[in-house]
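J.: Structure supplied as protein05.txt; contents: compact mmCIF, C-alpha atoms.
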# COMPACT_ATOMS: atom_id res chain seq x y z
CA MET A 141 41.83 17.65 -19.28
CA LYS A 142 40.41 14.08 -19.48
CA LYS A 143 40.80 13.72 -15.73
CA LYS A 144 38.71 16.88 -15.13
CA ILE A 145 35.94 15.63 -17.41
CA LEU A 146 35.88 12.25 -15.68
CA ILE A 147 35.68 13.90 -12.26
CA ILE A 148 32.80 16.11 -13.45
CA ILE A 149 30.97 13.08 -14.88
CA LEU A 150 31.55 11.13 -11.65
CA ALA A 151 30.24 14.06 -9.58
CA ALA A 152 27.15 14.35 -11.83
CA VAL A 153 26.39 10.62 -11.59
CA THR A 154 26.84 10.70 -7.80
CA LEU A 155 24.52 13.70 -7.52
CA ILE A 156 21.85 11.97 -9.63
CA GLN A 157 22.13 8.83 -7.49
CA LEU A 158 21.47 10.94 -4.41
CA LEU A 159 18.65 13.03 -5.88
CA VAL A 160 16.51 10.14 -7.16
CA PRO A 161 15.89 8.53 -3.73
CA ILE A 162 15.39 11.96 -2.19
CA ALA A 163 12.72 12.78 -4.81
CA VAL A 164 10.92 9.47 -4.15
CA ILE A 165 10.97 10.08 -0.38
CA ARG A 166 9.69 13.63 -0.85
CA GLN A 167 6.84 12.41 -3.06
CA LYS A 168 5.77 9.78 -0.49
CA TYR A 169 5.99 12.30 2.35
CA ASP A 170 3.85 14.76 0.32
CA ILE A 171 1.23 12.06 -0.25
CA LEU A 172 1.19 11.20 3.48
CA GLU A 173 0.85 14.87 4.40
CA ASN A 174 -1.62 16.03 1.73
CA GLY A 175 -3.32 12.90 0.39
CA THR A 176 -6.84 11.81 1.21
CA GLU A 177 -7.14 8.93 3.69
CA TYR A 178 -9.03 5.78 2.71
CA LYS A 179 -9.63 2.47 4.46
CA PHE A 180 -9.46 -0.69 2.36
CA ARG A 181 -10.39 -4.13 3.63
CA ILE A 182 -7.82 -6.77 2.84
CA SER A 183 -7.78 -10.54 2.86
CA ALA A 184 -4.74 -12.45 4.06
CA TYR A 185 -3.33 -15.82 3.13
CA ALA A 186 -0.11 -17.68 3.84
CA VAL A 187 2.65 -18.17 1.28
CA GLY A 188 5.69 -19.81 2.85
CA LYS A 189 6.82 -17.64 5.76
CA LYS A 190 5.06 -14.57 4.39
CA VAL A 191 1.57 -13.25 4.87
CA LYS A 192 0.21 -12.12 1.47
CA PHE A 193 -2.62 -9.63 1.06
CA ASP A 194 -5.26 -8.79 -1.51
CA VAL A 195 -7.32 -5.63 -1.39
CA ILE A 196 -11.03 -6.49 -1.19
CA GLY A 197 -13.42 -4.57 -3.43
CA ILE A 198 -11.41 -4.77 -6.63
CA ASP A 199 -12.74 -7.13 -9.27
CA GLY A 200 -10.35 -6.87 -12.20
CA SER A 201 -12.43 -9.14 -14.42
CA GLN A 202 -15.02 -6.42 -15.02
CA TYR A 203 -12.57 -3.91 -16.48
CA LYS A 204 -11.91 -3.38 -20.17
CA LYS A 205 -8.46 -3.43 -21.69
CA GLY A 206 -6.74 -0.05 -21.56
CA GLU A 207 -8.78 1.41 -18.72
CA LYS A 208 -6.22 3.07 -16.48
CA TYR A 209 -7.99 4.96 -13.69
CA GLY A 210 -9.91 3.29 -10.85
CA VAL A 211 -12.47 5.63 -9.33
CA ILE A 212 -12.64 5.29 -5.54
CA SER A 213 -15.95 5.11 -3.73
CA VAL A 214 -16.50 4.92 0.03
CA GLY A 215 -19.40 2.77 1.18
CA GLU A 216 -21.69 3.31 4.13
CA ASP A 217 -19.42 1.02 6.15
CA GLY A 218 -16.55 3.52 5.73
CA PHE A 219 -14.44 1.26 3.54
CA ALA A 220 -13.24 2.25 0.10
CA ARG A 221 -13.68 0.27 -3.12
CA ILE A 222 -12.88 0.76 -6.76
CA LEU A 223 -16.29 1.84 -8.07
CA LYS A 224 -15.45 1.76 -11.76
CA MET A 225 -12.63 2.00 -14.25
CA THR A 226 -12.24 4.70 -16.86
CA TYR A 227 -9.93 5.75 -19.69
CA VAL A 228 -10.11 9.41 -18.67
CA ARG A 229 -8.58 10.81 -15.47
CA PRO A 230 -11.53 11.45 -13.12
CA ALA A 231 -12.10 14.64 -11.15
CA SER A 232 -12.62 12.64 -7.94
CA ASP A 233 -9.95 10.54 -6.20
CA TYR A 234 -8.61 7.60 -8.15
CA VAL A 235 -5.86 4.99 -8.23
CA ILE A 236 -3.73 4.36 -11.28
CA SER A 237 -3.69 0.85 -12.69
CA LYS A 238 -0.17 -0.41 -13.38
CA SER A 239 -1.54 -2.89 -15.92
CA SER A 240 -4.98 -4.03 -16.88
CA ARG A 241 -6.69 -5.53 -13.82
CA ASP A 242 -3.81 -4.76 -11.45
CA PHE A 243 -3.56 -1.81 -9.07
CA GLU A 244 -0.50 -0.63 -7.25
CA PHE A 245 -1.27 -0.69 -3.57
CA PRO A 246 1.46 -0.04 -1.04
CA VAL A 247 1.32 -3.42 0.69
CA ASN A 248 1.02 -6.94 -0.66
CA SER A 249 2.96 -9.03 1.84
CA LEU A 250 4.63 -9.07 5.25
CA LYS A 251 7.33 -11.35 6.57
CA LEU A 252 6.84 -12.05 10.27
CA ASN A 253 8.70 -14.21 12.75
CA SER A 254 6.98 -17.56 13.39
CA ARG A 255 5.41 -16.51 16.70
CA ALA A 256 3.90 -13.31 15.30
CA TYR A 257 2.82 -15.20 12.19
CA GLU A 258 0.93 -17.85 14.19
CA SER A 259 -0.62 -15.24 16.46
CA LEU A 260 -1.80 -13.09 13.57
CA PHE A 261 -3.39 -15.98 11.72
CA HIS A 262 -4.99 -17.27 14.92
CA LYS A 263 -6.58 -13.85 15.43
CA ILE A 264 -7.77 -13.53 11.84
CA TYR A 265 -9.07 -17.04 11.21
CA ASP A 266 -10.14 -18.34 14.61
CA TYR A 267 -11.81 -15.15 15.74
CA GLY A 268 -12.72 -13.64 12.37
CA SER A 269 -10.94 -10.38 13.14
CA GLU A 270 -11.16 -7.77 10.46
CA ILE A 271 -7.95 -6.62 8.84
CA TYR A 272 -7.63 -3.45 6.81
CA ILE A 273 -5.15 -0.82 5.71
CA THR A 274 -5.35 2.92 5.67
CA VAL A 275 -3.72 4.58 2.73
CA ARG A 276 -3.28 8.15 1.64
CA ILE A 277 -3.99 8.79 -2.03
CA LYS A 278 -2.98 11.80 -4.08
CA ASP A 279 -2.85 12.09 -7.88
CA GLY A 280 -3.51 8.37 -8.27
CA ARG A 281 -0.62 7.26 -6.07
CA ALA A 282 -1.19 5.42 -2.79
CA VAL A 283 1.07 5.31 0.27
CA LEU A 284 0.47 2.98 3.21
CA GLU A 285 -0.37 4.87 6.38
CA ASN A 286 -1.21 2.00 8.71
CA PHE A 287 -2.20 -1.66 8.93
CA PHE A 288 -4.95 -2.74 11.34
CA VAL A 289 -5.92 -6.05 12.94
CA ALA A 290 -9.16 -5.92 14.94
CA ASP A 291 -9.00 -2.09 15.12
CA LYS A 292 -5.46 -2.08 16.50
CA THR A 293 -2.42 -1.16 14.47
CA LEU A 294 -0.29 -4.14 13.55
CA GLU A 295 2.49 -2.71 15.70
CA GLU A 296 0.20 -2.45 18.77
CA TYR A 297 -1.19 -5.92 18.13
CA LEU A 298 2.25 -7.57 17.85
CA LYS A 299 3.52 -5.67 20.90
CA GLN A 300 0.51 -6.81 22.94
CA GLU A 301 0.99 -10.42 21.79
CA SER A 302 4.69 -10.38 22.71
CA GLU A 303 3.85 -9.04 26.20
CA LYS A 304 1.41 -11.92 26.73
CA SER A 305 4.13 -14.51 26.29
Do you think you could lay out the structure here as C-alpha cells?
T.:
Amino acid sequence: MKKKILIIILAAVTLIQLLVPIAVIRQKYDILENGTEYKFRISAYAVGKKVKFDVIGIDGSQYKKGEKYGVISVGEDGFARILKMTYVRPASDYVISKSSRDFEFPVNSLKLNSRAYESLFHKIYDYGSEIYITVRIKDGRAVLENFFVADKTLEEYLKQESEKS
C-alpha cells in the first residue's frame, strides 16, 4: 500500500515538473503571437565579458512608492517610453513593475565571444549606431522579439561581421 502511494506521489511530482515549464513556454508564445509590438531604445555598457543593457525612457526616480503599472507611450520617433506610473491597472498597454523603480524587460545582458564583443562596441561607440529591442507586450508582460544594431538584427549583424573576417 505504501509503495502505491509513493509511486502516485512520484508521478504527481513528475507531472508538475513537466507542466510548469510547458505553461511558461505557452505563455511566452501567446505573448509573441498576440501581444502588441513596441520598440525600445537601449543603452549598452561593458561589464566584464558581458554587454549590459538599460532601457532608455524609464526614469525610476519620478515614481512614487507602490506604483505598479507603467503606462506605455509611443513617441513620434516610433520608440516606446514609460509615460507615467499608476497604482491602477490602465486600459491601455502597460508593463508591470517588479519593484518600485524597476521594470522587468526581457533582456538586460548578452555574453558574446571577444570578436563579436569588440565588433559590436566598435559599431555602437565609434559610429554611434542606434541599438534597440522590439518586444511584444500583453497583460503587462514583455517578451523579447528581436534585438537591433543599426537597423539589422543582432544575428544578421554578427553573421555579417564574421563573414568579413
J.: Using all atoms listed in the file for the distances, tell me which of A:Asn286, A:Thr274, A:Gln157, A:Gln167 is nearest to Phe180 of chain A.
T.: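 Selected residue with least distance to Phe180 of chain A: A:Thr274.
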J.: Could you state the separation of atom CA of Leu172 of chain A and atom CA of Lys278 of chain A in Å, given to one decimal place?
T.: 8.7 Å
J.: Enter the distance from atom CA of Lys224 of chain A to atom CA of Tyr209 of chain A, in Å, rounded to one decimal.
T.: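 Taking atom CA of Lys224 of chain A as the start and atom CA of Tyr209 of chain A as the end point, the length is 8.3 Å.
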J.: Quick one: everything within 9 Å of Val211 of chain A, counting all atoms listed in the file, minus sequence neighbours fewer than 3 positions away in the same chain. Send it as an MDAnalysis selection string.
T.: chainID A and resid 221:226 229:230 232:235
J.: Taking 4 positions as the minimum chain separation for residues in the same chain, which residues sit within 12 Å of Arg281 of chain A when counting all atoms listed in the file? Answer as a VMD selection string.
T.: chain A and resid 164 167 to 172 174 to 177 209 to 210 233 to 238 243 to 246 275 to 277
J.: Between atom CA of Val283 of chain A and atom CA of Arg181 of chain A, what is the spacing in Å?
T.: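 Straight-line distance from atom CA of Arg181 of chain A to atom CA of Val283 of chain A works out to 15.2 Å.
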J.: Name the residues in contact with Glu270 of chain A at a cut-off of 9 Å, using all atoms listed in the file, excluding same-chain residues fewer than 6 positions from it; report them as a list in words.
T.: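 Near Glu270 of chain A, the qualifying residues are Arg181, Ile182, Ser183, Ile264, Phe288, Val289, Ala290 and Asp291 of chain A.
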